[in-house]
>>> print(open('query_8.cif').read())   # mmCIF, C-alpha atoms and all ligand atoms
data_protein
loop_
_atom_site.label_atom_id
_atom_site.label_comp_id
_atom_site.auth_asym_id
_atom_site.auth_seq_id
_atom_site.Cartn_x
_atom_site.Cartn_y
_atom_site.Cartn_z
CA MET A 1347 68.50 10.84 -13.03
CA LYS A 1348 71.74 12.76 -12.71
CA HIS A 1349 72.39 15.08 -9.76
CA VAL A 1350 73.54 18.43 -11.17
CA TYR A 1351 73.43 20.95 -8.34
CA SER A 1352 72.46 21.48 -4.73
CA GLY A 1353 71.62 24.93 -3.41
CA LYS A 1354 70.98 25.59 0.22
CA ILE A 1355 67.36 24.47 0.01
CA ARG A 1356 66.86 22.67 -3.28
CA ASP A 1357 68.50 19.92 -5.28
CA LEU A 1358 68.55 19.82 -9.06
CA TYR A 1359 68.56 16.63 -11.08
CA GLN A 1360 68.59 16.15 -14.83
CA ASP A 1361 66.57 13.55 -16.65
CA ASP A 1362 67.93 11.67 -19.69
CA ASN A 1363 65.86 13.91 -21.97
CA GLY A 1364 67.40 17.07 -20.48
CA ASP A 1365 64.49 18.14 -18.23
CA LEU A 1366 65.43 19.43 -14.80
CA ILE A 1367 63.79 18.11 -11.64
CA LEU A 1368 63.85 20.75 -8.90
CA VAL A 1369 63.38 19.14 -5.49
CA ALA A 1370 62.65 21.32 -2.47
CA SER A 1371 63.87 20.00 0.88
CA ASP A 1372 62.47 20.81 4.33
CA LYS A 1373 65.64 22.71 5.20
CA VAL A 1374 65.52 26.29 6.40
CA SER A 1375 68.32 28.82 6.18
CA VAL A 1376 68.77 32.01 8.17
CA TYR A 1377 71.47 34.57 7.40
CA ASP A 1378 72.54 32.18 4.60
CA VAL A 1379 73.24 29.36 7.06
CA VAL A 1380 71.25 26.14 6.68
CA LEU A 1381 70.08 24.98 10.10
CA PRO A 1382 70.35 21.29 11.04
CA THR A 1383 66.66 20.92 11.94
CA PRO A 1384 64.10 20.51 9.12
CA ILE A 1385 60.64 22.11 9.13
CA PRO A 1386 58.26 19.22 8.27
CA ASP A 1387 56.38 19.74 4.97
CA LYS A 1388 58.18 23.00 4.20
CA GLY A 1389 59.48 21.75 0.84
CA LYS A 1390 56.03 20.62 -0.24
CA LEU A 1391 54.36 23.79 1.00
CA LEU A 1392 56.76 25.99 -0.94
CA THR A 1393 56.54 23.89 -4.08
CA GLN A 1394 52.74 23.84 -4.04
CA LEU A 1395 52.50 27.57 -3.36
CA SER A 1396 54.95 28.31 -6.18
CA LEU A 1397 52.99 26.14 -8.60
CA TRP A 1398 49.80 27.98 -7.68
CA TRP A 1399 51.43 31.35 -8.36
CA PHE A 1400 53.07 30.23 -11.62
CA GLU A 1401 49.57 29.51 -12.89
CA GLN A 1402 48.16 32.83 -11.65
CA LEU A 1403 51.00 34.67 -13.37
CA ALA A 1404 50.93 32.73 -16.63
CA ASP A 1405 49.65 35.77 -18.56
CA VAL A 1406 52.40 37.98 -17.11
CA VAL A 1407 55.45 35.84 -17.78
CA PRO A 1408 56.29 32.37 -19.14
CA ASN A 1409 57.60 30.00 -16.46
CA HIS A 1410 59.90 26.99 -16.33
CA VAL A 1411 57.31 24.41 -15.26
CA ILE A 1412 56.82 21.33 -17.44
CA SER A 1413 54.94 19.17 -14.95
CA SER A 1414 54.21 19.06 -11.24
CA THR A 1415 53.16 15.42 -11.31
CA ASP A 1416 55.56 13.73 -13.71
CA VAL A 1417 58.29 13.38 -11.08
CA PRO A 1418 59.76 10.38 -9.22
CA ALA A 1419 57.26 9.10 -6.64
CA GLU A 1420 59.63 9.57 -3.70
CA TRP A 1421 59.61 13.34 -4.39
CA ALA A 1422 55.91 13.68 -5.08
CA GLY A 1423 54.61 17.09 -3.98
CA ARG A 1424 58.02 18.61 -3.41
CA ALA A 1425 59.43 18.33 -6.94
CA VAL A 1426 58.79 20.13 -10.21
CA ARG A 1427 59.84 19.00 -13.66
CA CYS A 1428 61.11 22.11 -15.41
CA ARG A 1429 62.96 23.46 -18.38
CA PRO A 1430 66.69 23.98 -17.91
CA LEU A 1431 67.47 27.68 -18.30
CA LYS A 1432 70.54 29.80 -18.45
CA MET A 1433 69.96 31.56 -15.13
CA LEU A 1434 70.64 35.29 -14.93
CA THR A 1435 73.04 35.98 -12.08
CA VAL A 1436 70.97 38.68 -10.43
CA GLU A 1437 68.35 38.40 -7.72
CA CYS A 1438 65.39 40.47 -8.83
CA ILE A 1439 63.72 41.94 -5.76
CA ALA A 1440 60.62 44.12 -5.51
CA ARG A 1441 59.77 45.97 -2.31
CA GLY A 1442 56.46 47.59 -1.45
CA TYR A 1443 57.25 47.98 2.25
CA LEU A 1444 60.44 48.53 4.18
CA ALA A 1445 61.95 45.66 6.19
CA GLY A 1446 64.98 43.42 6.55
CA LEU A 1447 68.08 44.27 4.56
CA GLY A 1448 66.15 46.95 2.65
CA LEU A 1449 65.46 48.75 5.92
CA LYS A 1450 69.12 48.43 6.98
CA GLU A 1451 70.31 49.86 3.68
CA TYR A 1452 67.81 52.73 3.91
CA GLU A 1453 68.93 53.56 7.46
CA LYS A 1454 72.53 53.66 6.24
CA GLN A 1455 72.06 55.77 3.12
CA GLY A 1456 68.47 56.79 2.54
CA SER A 1457 68.21 54.71 -0.61
CA VAL A 1458 68.09 51.05 -1.64
CA SER A 1459 69.83 49.87 -4.84
CA GLY A 1460 70.24 53.53 -5.72
CA VAL A 1461 66.51 54.26 -5.43
CA ALA A 1462 66.09 57.33 -3.20
CA LEU A 1463 63.35 57.06 -0.56
CA PRO A 1464 61.62 59.74 1.50
CA ALA A 1465 62.94 60.52 4.98
CA GLY A 1466 61.27 59.25 8.13
CA LEU A 1467 60.38 55.70 7.07
CA VAL A 1468 60.47 52.95 9.71
CA GLU A 1469 60.25 49.16 9.83
CA GLY A 1470 57.03 48.18 8.08
CA SER A 1471 56.47 51.51 6.30
CA LYS A 1472 54.66 51.34 2.97
CA LEU A 1473 56.77 52.82 0.20
CA PRO A 1474 55.30 55.54 -2.05
CA GLU A 1475 55.39 52.92 -4.82
CA PRO A 1476 56.97 49.48 -5.21
CA ILE A 1477 60.67 49.64 -6.09
CA PHE A 1478 63.12 47.35 -7.86
CA THR A 1479 66.11 46.59 -5.62
CA PRO A 1480 68.27 43.96 -7.32
CA THR A 1481 71.15 42.22 -5.56
CA THR A 1482 74.06 40.13 -6.66
CA LYS A 1483 73.53 36.38 -6.61
CA ALA A 1484 76.60 35.45 -4.61
CA THR A 1485 77.86 31.88 -4.84
CA GLU A 1486 79.67 32.51 -1.58
CA GLY A 1487 78.89 35.01 1.15
CA HIS A 1488 75.93 37.39 1.23
CA ASP A 1489 74.11 39.02 -1.66
CA GLU A 1490 74.69 42.76 -2.04
CA PHE A 1491 72.48 45.54 -3.37
CA ILE A 1492 73.33 46.75 -6.85
CA THR A 1493 71.89 49.67 -8.77
CA PHE A 1494 69.79 49.51 -11.91
CA ASP A 1495 72.77 50.88 -13.84
CA GLU A 1496 75.03 48.15 -12.52
CA VAL A 1497 72.56 45.56 -13.80
CA VAL A 1498 72.51 47.43 -17.14
CA SER A 1499 76.28 47.18 -17.41
CA GLU A 1500 76.02 43.43 -17.06
CA PHE A 1501 72.88 42.60 -19.03
CA GLY A 1502 72.19 45.68 -21.17
CA ALA A 1503 69.46 48.30 -20.93
CA ASP A 1504 66.69 46.35 -22.70
CA MET A 1505 67.14 43.22 -20.63
CA THR A 1506 67.42 45.16 -17.37
CA THR A 1507 64.28 47.15 -18.12
CA ARG A 1508 62.46 43.92 -18.88
CA LEU A 1509 63.67 42.33 -15.64
CA ARG A 1510 62.58 45.35 -13.63
CA ASP A 1511 59.17 45.59 -15.28
CA LEU A 1512 58.50 41.87 -14.88
CA THR A 1513 59.64 41.86 -11.25
CA LEU A 1514 57.40 44.81 -10.38
CA GLU A 1515 54.46 43.33 -12.30
CA ILE A 1516 54.82 39.97 -10.52
CA TYR A 1517 55.03 41.77 -7.20
CA SER A 1518 52.04 44.01 -7.85
CA ARG A 1519 49.86 41.20 -9.13
CA GLY A 1520 50.85 38.95 -6.25
CA ALA A 1521 50.43 41.67 -3.64
CA ALA A 1522 46.93 42.50 -4.89
CA VAL A 1523 45.80 38.86 -4.75
CA ALA A 1524 47.36 38.27 -1.34
CA ARG A 1525 45.88 41.45 0.13
CA GLU A 1526 42.35 40.26 -0.61
CA ARG A 1527 43.26 37.19 1.39
CA GLY A 1528 44.57 39.07 4.39
CA ILE A 1529 48.27 39.04 3.58
CA ILE A 1530 50.62 41.91 2.81
CA ILE A 1531 53.51 40.88 0.60
CA ALA A 1532 56.14 43.31 1.84
CA ASP A 1533 58.80 42.25 -0.61
CA THR A 1534 59.73 39.35 -2.85
CA LYS A 1535 62.63 37.92 -4.81
CA VAL A 1536 62.39 36.25 -8.20
CA GLU A 1537 64.93 34.66 -10.50
CA PHE A 1538 64.79 34.59 -14.27
CA GLY A 1539 66.54 32.50 -16.86
CA ILE A 1540 66.86 32.52 -20.63
CA ASP A 1541 65.44 29.62 -22.61
CA ALA A 1542 66.70 28.08 -25.85
CA GLU A 1543 64.70 30.63 -27.88
CA GLY A 1544 66.23 33.53 -25.95
CA ARG A 1545 63.05 34.34 -24.02
CA VAL A 1546 63.08 35.57 -20.42
CA VAL A 1547 61.43 32.88 -18.29
CA LEU A 1548 60.43 32.94 -14.61
CA ALA A 1549 62.28 30.14 -12.79
CA ASP A 1550 63.08 28.85 -9.32
CA GLU A 1551 60.23 29.63 -6.90
CA VAL A 1552 57.79 32.53 -6.84
CA LEU A 1553 55.97 34.46 -4.10
CA THR A 1554 56.63 31.87 -1.41
CA SER A 1555 57.26 32.34 2.28
CA ASP A 1556 60.98 31.75 1.64
CA SER A 1557 61.29 34.27 -1.16
CA SER A 1558 58.94 36.90 0.29
CA ARG A 1559 57.85 38.64 3.46
CA PHE A 1560 54.22 37.87 4.26
CA TRP A 1561 52.50 39.98 6.93
CA ALA A 1562 49.04 39.82 8.47
CA VAL A 1563 47.11 42.79 7.03
CA ASP A 1564 44.97 43.35 10.10
CA GLU A 1565 47.99 43.50 12.42
CA TRP A 1566 50.16 45.68 10.19
CA GLU A 1567 51.53 48.67 12.06
CA PRO A 1568 54.69 50.46 10.90
CA GLY A 1569 57.25 50.66 13.68
CA ARG A 1570 55.54 47.90 15.64
CA PRO A 1571 57.86 46.71 18.42
CA GLY A 1572 59.46 43.43 17.38
CA GLY A 1573 58.37 43.88 13.77
CA GLN A 1574 55.25 42.82 11.88
CA ARG A 1575 53.51 39.49 12.46
CA ALA A 1576 55.04 37.40 9.71
CA MET A 1577 54.04 34.16 7.98
CA ASP A 1578 57.49 33.42 6.69
CA LYS A 1579 60.89 32.51 8.01
CA GLN A 1580 61.22 35.74 9.96
CA PHE A 1581 60.00 33.69 12.91
CA VAL A 1582 63.12 31.50 12.74
CA ARG A 1583 65.34 34.56 12.22
CA ASP A 1584 63.78 36.22 15.28
CA TRP A 1585 64.29 33.13 17.40
CA SER A 1586 67.88 32.76 16.19
CA SER A 1587 68.65 36.39 17.06
CA THR A 1588 67.78 35.68 20.68
CA LEU A 1589 70.67 33.20 20.83
CA THR A 1590 73.72 34.67 22.48
CA ASP A 1591 76.04 31.81 21.56
CA TRP A 1592 75.60 31.77 17.76
CA ASP A 1593 77.60 34.12 15.52
CA ARG A 1594 75.56 33.42 12.34
CA THR A 1595 78.18 31.15 10.81
CA TYR A 1596 78.19 27.38 10.28
CA PRO A 1597 77.21 25.22 12.02
CA GLY A 1598 73.80 26.67 12.80
CA PRO A 1599 71.89 25.78 15.96
CA GLU A 1600 69.27 23.02 16.30
CA ILE A 1601 65.76 24.51 16.30
CA PRO A 1602 63.65 23.58 19.37
CA ALA A 1603 60.43 21.65 18.72
CA ASP A 1604 58.08 24.48 19.67
CA ILE A 1605 59.82 26.85 17.23
CA VAL A 1606 59.66 24.18 14.50
CA ALA A 1607 55.92 23.73 15.08
CA ALA A 1608 55.22 27.46 15.15
CA THR A 1609 57.25 27.99 11.97
CA ARG A 1610 55.47 25.18 10.17
CA ALA A 1611 52.13 26.66 11.24
CA ARG A 1612 53.10 29.97 9.63
CA TYR A 1613 54.04 28.32 6.33
CA VAL A 1614 50.74 26.43 6.38
CA GLU A 1615 48.82 29.61 7.19
CA ALA A 1616 50.39 31.47 4.26
CA TYR A 1617 49.68 28.59 1.87
CA GLU A 1618 46.07 28.23 3.01
CA ARG A 1619 45.23 31.92 3.08
CA ILE A 1620 46.73 32.63 -0.33
CA THR A 1621 45.50 29.59 -2.26
CA GLY A 1622 42.25 29.08 -0.35
CA ASN A 1623 43.11 25.36 -0.19
CA THR A 1624 43.32 23.35 3.01
CA TRP A 1625 46.77 21.87 3.61
CA GLU A 1626 46.47 18.10 3.85
CA SER A 1627 49.40 16.02 4.87
P1 LIG B 1701 72.19 29.30 -4.73
O1 LIG B 1701 71.36 29.53 -5.95
O2 LIG B 1701 73.23 30.34 -4.54
O3 LIG B 1701 72.68 27.93 -4.56
P2 LIG B 1701 69.99 28.93 -3.02
O4 LIG B 1701 70.36 28.42 -1.72
O5 LIG B 1701 68.93 29.95 -3.11
O6 LIG B 1701 71.27 29.60 -3.55
P3 LIG B 1701 68.38 26.84 -3.98
O7 LIG B 1701 67.18 27.69 -4.06
O8 LIG B 1701 68.51 25.88 -2.89
O9 LIG B 1701 69.66 27.77 -4.05
O10 LIG B 1701 68.60 26.03 -5.32
C1 LIG B 1701 67.90 26.25 -6.48
C2 LIG B 1701 68.88 26.57 -7.59
O11 LIG B 1701 68.30 26.18 -8.84
C3 LIG B 1701 69.17 28.05 -7.69
O12 LIG B 1701 70.56 28.23 -7.92
C4 LIG B 1701 68.37 28.49 -8.91
O13 LIG B 1701 68.96 29.60 -9.54
C5 LIG B 1701 68.42 27.24 -9.77
N1 LIG B 1701 67.30 27.10 -10.73
C6 LIG B 1701 65.98 27.26 -10.49
N2 LIG B 1701 65.23 27.03 -11.59
C7 LIG B 1701 66.11 26.71 -12.59
C8 LIG B 1701 65.96 26.37 -13.97
N3 LIG B 1701 64.76 26.30 -14.55
N4 LIG B 1701 67.09 26.12 -14.68
C9 LIG B 1701 68.32 26.19 -14.10
N5 LIG B 1701 68.52 26.49 -12.80
C10 LIG B 1701 67.44 26.75 -12.04
MG MG B 1702 67.11 29.96 -3.88
#
>>> encode(input="query_8.cif", output="structure tokens", more="lines below")
Ligand code: ATP
Ligand code: MG
Amino acid sequence: MKHVYSGKIRDLYQDDNGDLILVASDKVSVYDVVLPTPIPDKGKLLTQLSLWWFEQLADVVPNHVISSTDVPAEWAGRAVRCRPLKMLTVECIARGYLAGLGLKEYEKQGSVSGVALPAGLVEGSKLPEPIFTPTTKATEGHDEFITFDEVVSEFGADMTTRLRDLTLEIYSRGAAVARERGIIIADTKVEFGIDAEGRVVLADEVLTSDSSRFWAVDEWEPGRPGGQRAMDKQFVRDWSSTLTDWDRTYPGPEIPADIVAATRARYVEAYERITGNTWES
């Protein structure tokens, strides 16, 4: 097994036959900085939730999964055997509600990725309809919003339209399923790649608590002080923003045990609510 790449959260290995093994660690990153303290089971929780969604979405888009079980035993549960793809260097984001960087961008210019939004929206507001707000996929530094036309100039009109339609379809399908289970998916990011036959394939992870904002439906209240109750890494972001001695660059701070436990509980809650399975570990 050859090591080919390490992102902030996942490591990629290649098997002799060319298959990729994508291994999710328990690391957590905030503001693009990986913190030194792991969240126990996080890698497994994200991998299992992704696998569940890939299956739910199989009629919407082909995915990169070959096997969730045919992986080295030491990585069982946290690894996926998948097809190597030529990844498209754009982060495809759908937003149904306003929060995070989308909210910041809106406050600055009234639009996100060139999509104009009505005046008067606040943190947590539901958008008139879900929007496609792609960003760059920066190898260094932070991702930045780009417009639909900027994606067109890189990938062409047909491909860009396909990416937008797929992203919005994945979001809408996911949001509808999650809502029945008490979770609002405020926004989500997906990544696509091109396979050997030239098809667009859903890769990486999908509709997880790292790639999405998950909110409790029954506590949702636009403009709520402190933001919505989230079942994602917002909890770690919120804790980290209370630190006065960290400037959001490396090295990140150690996470205290109570924050680790509360974060893990949120990842478990999202997994259990969405899949209906009990987390056993
Ligand atoms: P970066 O991608 O910039 O390293 P990251 O921290 O989000 O950021 P990880 O999520 O930790 O990265 O690593 C996963 C990497 O694997 C991503 O770069 C993703 O694009 C890539 N990837 C996921 N699925 C595939 C696939 N099927 N083929 C090739 N690359 C893939
Ligand atoms: Mg990633």
>>> residues_near_ligand(input="query_8.cif", ligand="ligand MG 1702 (chain B)", cutoff="9 Å", atoms="all atoms listed in the file", output="ChimeraX atom specification")
/A:1353-1356,1536-1537,1550-1551,1556-1557
>>> write_last_selection(input="query_8.cif", atoms="C-alpha atoms", output="compact mmCIF listing (two decimals), in the frame of the given file")
# COMPACT_ATOMS: atom_id res chain seq x y z
CA GLY A 1353 71.62 24.93 -3.41
CA LYS A 1354 70.98 25.59 0.22
CA ILE A 1355 67.36 24.47 0.01
CA ARG A 1356 66.86 22.67 -3.28
CA VAL A 1536 62.39 36.25 -8.20
CA GLU A 1537 64.93 34.66 -10.50
CA ASP A 1550 63.08 28.85 -9.32
CA GLU A 1551 60.23 29.63 -6.90
CA ASP A 1556 60.98 31.75 1.64
CA SER A 1557 61.29 34.27 -1.16
>>> residues_near_ligand(input="query_8.cif", ligand="ligand LIG 1701 (chain B)", cutoff="10 Å", atoms="only C-alpha atoms and all ligand atoms", output="PyMOL selection string")
chain A and resi 1350-1359+1365-1371+1373-1375+1378-1380+1409-1412+1426-1437+1483-1489+1536-1541+1547-1551+1556-1557
>>> atom_distance(input="query_8.cif", atom1="atom CA of A:Gly1528", atom2="atom CA of A:Val1563")
5.2 Å
>>> closest_residue(input="query_8.cif", among="A:Ala1576, A:Ile1531, A:Ile1477, A:Val1497", to="A:Val1552", atoms="all atoms listed in the file")
A:Ile1531
>>> atom_distance(input="query_8.cif", atom1="atom CA of A:Tyr1443", atom2="atom CA of A:Pro1568")
9.4 Å
>>> closest_residue(input="query_8.cif", among="A:Gly1460, A:Pro1382, A:Gly1442, A:Pro1408", to="A:Pro1480", atoms="only C-alpha atoms")
A:Gly1460
>>> atom_distance(input="query_8.cif", atom1="atom CA of A:Ser1499", atom2="atom CA of A:Leu1512")
18.7 Å
>>> residues_around(input="query_8.cif", residues="A:Val1468", least_positions_apart="4", cutoff="8 Å", atoms="only C-alpha atoms", output="list of chain:residue names")
A:Leu1444, A:Leu1449, A:Pro1568, A:Gly1569
>>> residues_around(input="query_8.cif", residues="A:Val1614", least_positions_apart="6", cutoff="12 Å", atoms="only C-alpha atoms", output="list in words")
Ile1385, Pro1386, Asp1387, Lys1388, Gly1389, Lys1390, Leu1391, Leu1392, Gln1394, Leu1395, Thr1554, Ser1555, Met1577, Asp1578, Lys1579, Ala1607, Ala1608, Ile1620, Thr1621, Gly1622, Asn1623, Thr1624, Trp1625, Glu1626 and Ser1627 of chain A
>>> write_last_selection(input="query_8.cif", atoms="C-alpha atoms", output="short mmCIF file (atom, residue, chain, number, x, y, z; two decimals), keeping the file's coordinate frame")
data_model
loop_
_atom_site.label_atom_id
_atom_site.label_comp_id
_atom_site.auth_asym_id
_atom_site.auth_seq_id
_atom_site.Cartn_x
_atom_site.Cartn_y
_atom_site.Cartn_z
CA ILE A 1385 60.64 22.11 9.13
CA PRO A 1386 58.26 19.22 8.27
CA ASP A 1387 56.38 19.74 4.97
CA LYS A 1388 58.18 23.00 4.20
CA GLY A 1389 59.48 21.75 0.84
CA LYS A 1390 56.03 20.62 -0.24
CA LEU A 1391 54.36 23.79 1.00
CA LEU A 1392 56.76 25.99 -0.94
CA GLN A 1394 52.74 23.84 -4.04
CA LEU A 1395 52.50 27.57 -3.36
CA THR A 1554 56.63 31.87 -1.41
CA SER A 1555 57.26 32.34 2.28
CA MET A 1577 54.04 34.16 7.98
CA ASP A 1578 57.49 33.42 6.69
CA LYS A 1579 60.89 32.51 8.01
CA ALA A 1607 55.92 23.73 15.08
CA ALA A 1608 55.22 27.46 15.15
CA ILE A 1620 46.73 32.63 -0.33
CA THR A 1621 45.50 29.59 -2.26
CA GLY A 1622 42.25 29.08 -0.35
CA ASN A 1623 43.11 25.36 -0.19
CA THR A 1624 43.32 23.35 3.01
CA TRP A 1625 46.77 21.87 3.61
CA GLU A 1626 46.47 18.10 3.85
CA SER A 1627 49.40 16.02 4.87
#
>>> closest_residue(input="query_8.cif", among="A:Arg1570, A:Arg1583, A:Arg1527, A:Arg1510", to="A:Ile1605", atoms="only C-alpha atoms")
A:Arg1583
>>> closest_residue(input="query_8.cif", among="A:Leu1397, A:Ala1462, A:Val1406, A:Met1347", to="A:Thr1513", atoms="only C-alpha atoms")
A:Val1406
>>> residues_around(input="query_8.cif", residues="A:Arg1594", least_positions_apart="3", cutoff="9 Å", atoms="only C-alpha atoms", output="PyMOL selection string")
chain A and resi 1376-1379+1586-1587+1597-1598
>>> closest_residue(input="query_8.cif", among="A:Gly1544, A:Glu1420, A:Trp1566, A:Gly1446", to="A:Asp1584", atoms="only C-alpha atoms")
A:Gly1446
>>> residues_around(input="query_8.cif", residues="A:Val1606", least_positions_apart="4", cutoff="9 Å", atoms="all atoms listed in the file", output="PDB file with C-alpha atoms, in the coordinates of the input")
ATOM      1  CA  THR A1383      66.660  20.920  11.940  1.00  0.00           C
ATOM      2  CA  PRO A1384      64.100  20.510   9.120  1.00  0.00           C
ATOM      3  CA  ILE A1385      60.640  22.110   9.130  1.00  0.00           C
ATOM      4  CA  PRO A1386      58.260  19.220   8.270  1.00  0.00           C
ATOM      5  CA  VAL A1582      63.120  31.500  12.740  1.00  0.00           C
ATOM      6  CA  ILE A1601      65.760  24.510  16.300  1.00  0.00           C
ATOM      7  CA  PRO A1602      63.650  23.580  19.370  1.00  0.00           C
ATOM      8  CA  ARG A1610      55.470  25.180  10.170  1.00  0.00           C
ATOM      9  CA  ALA A1611      52.130  26.660  11.240  1.00  0.00           C
TER      10      ALA A1611
END
>>> decode(input="query_8.cif", residues="stretch 1582-1597 of chain A", atoms="N, CA and C atoms", output="short mmCIF file (atom, residue, chain, number, x, y, z; two decimals), in the first residue's frame")
data_model
loop_
_atom_site.label_atom_id
_atom_site.label_comp_id
_atom_site.auth_asym_id
_atom_site.auth_seq_id
_atom_site.Cartn_x
_atom_site.Cartn_y
_atom_site.Cartn_z
N VAL A 1582 -16.69 23.28 18.12
CA VAL A 1582 -15.25 23.48 18.33
C VAL A 1582 -14.85 24.90 17.90
N ARG A 1583 -15.44 25.34 16.76
CA ARG A 1583 -15.17 26.72 16.32
C ARG A 1583 -15.58 27.71 17.41
N ASP A 1584 -16.79 27.51 17.97
CA ASP A 1584 -17.28 28.44 18.98
C ASP A 1584 -16.36 28.47 20.19
N TRP A 1585 -15.96 27.27 20.63
CA TRP A 1585 -15.04 27.22 21.76
C TRP A 1585 -13.74 27.93 21.41
N SER A 1586 -13.22 27.67 20.21
CA SER A 1586 -11.92 28.26 19.85
C SER A 1586 -12.01 29.79 19.74
N SER A 1587 -13.22 30.28 19.39
CA SER A 1587 -13.32 31.76 19.30
C SER A 1587 -13.35 32.43 20.66
N THR A 1588 -13.54 31.65 21.71
CA THR A 1588 -13.50 32.26 23.05
C THR A 1588 -12.06 32.43 23.53
N LEU A 1589 -11.11 31.81 22.80
CA LEU A 1589 -9.71 31.90 23.23
C LEU A 1589 -9.15 33.25 22.84
N THR A 1590 -8.53 33.90 23.79
CA THR A 1590 -7.98 35.23 23.49
C THR A 1590 -6.53 35.13 23.04
N ASP A 1591 -5.91 33.96 23.25
CA ASP A 1591 -4.48 33.85 22.95
C ASP A 1591 -4.20 32.99 21.73
N TRP A 1592 -5.20 32.82 20.84
CA TRP A 1592 -4.95 32.06 19.61
C TRP A 1592 -5.36 32.90 18.41
N ASP A 1593 -4.45 33.06 17.46
CA ASP A 1593 -4.71 33.94 16.31
C ASP A 1593 -5.13 33.15 15.06
N ARG A 1594 -5.60 31.90 15.26
CA ARG A 1594 -6.10 31.08 14.15
C ARG A 1594 -5.03 30.67 13.16
N THR A 1595 -3.78 30.62 13.63
CA THR A 1595 -2.71 30.06 12.81
C THR A 1595 -2.12 28.88 13.56
N TYR A 1596 -1.26 28.11 12.86
CA TYR A 1596 -0.59 26.99 13.52
C TYR A 1596 0.37 27.51 14.56
N PRO A 1597 0.62 26.77 15.64
CA PRO A 1597 -0.11 25.55 16.04
C PRO A 1597 -1.43 25.90 16.72
#
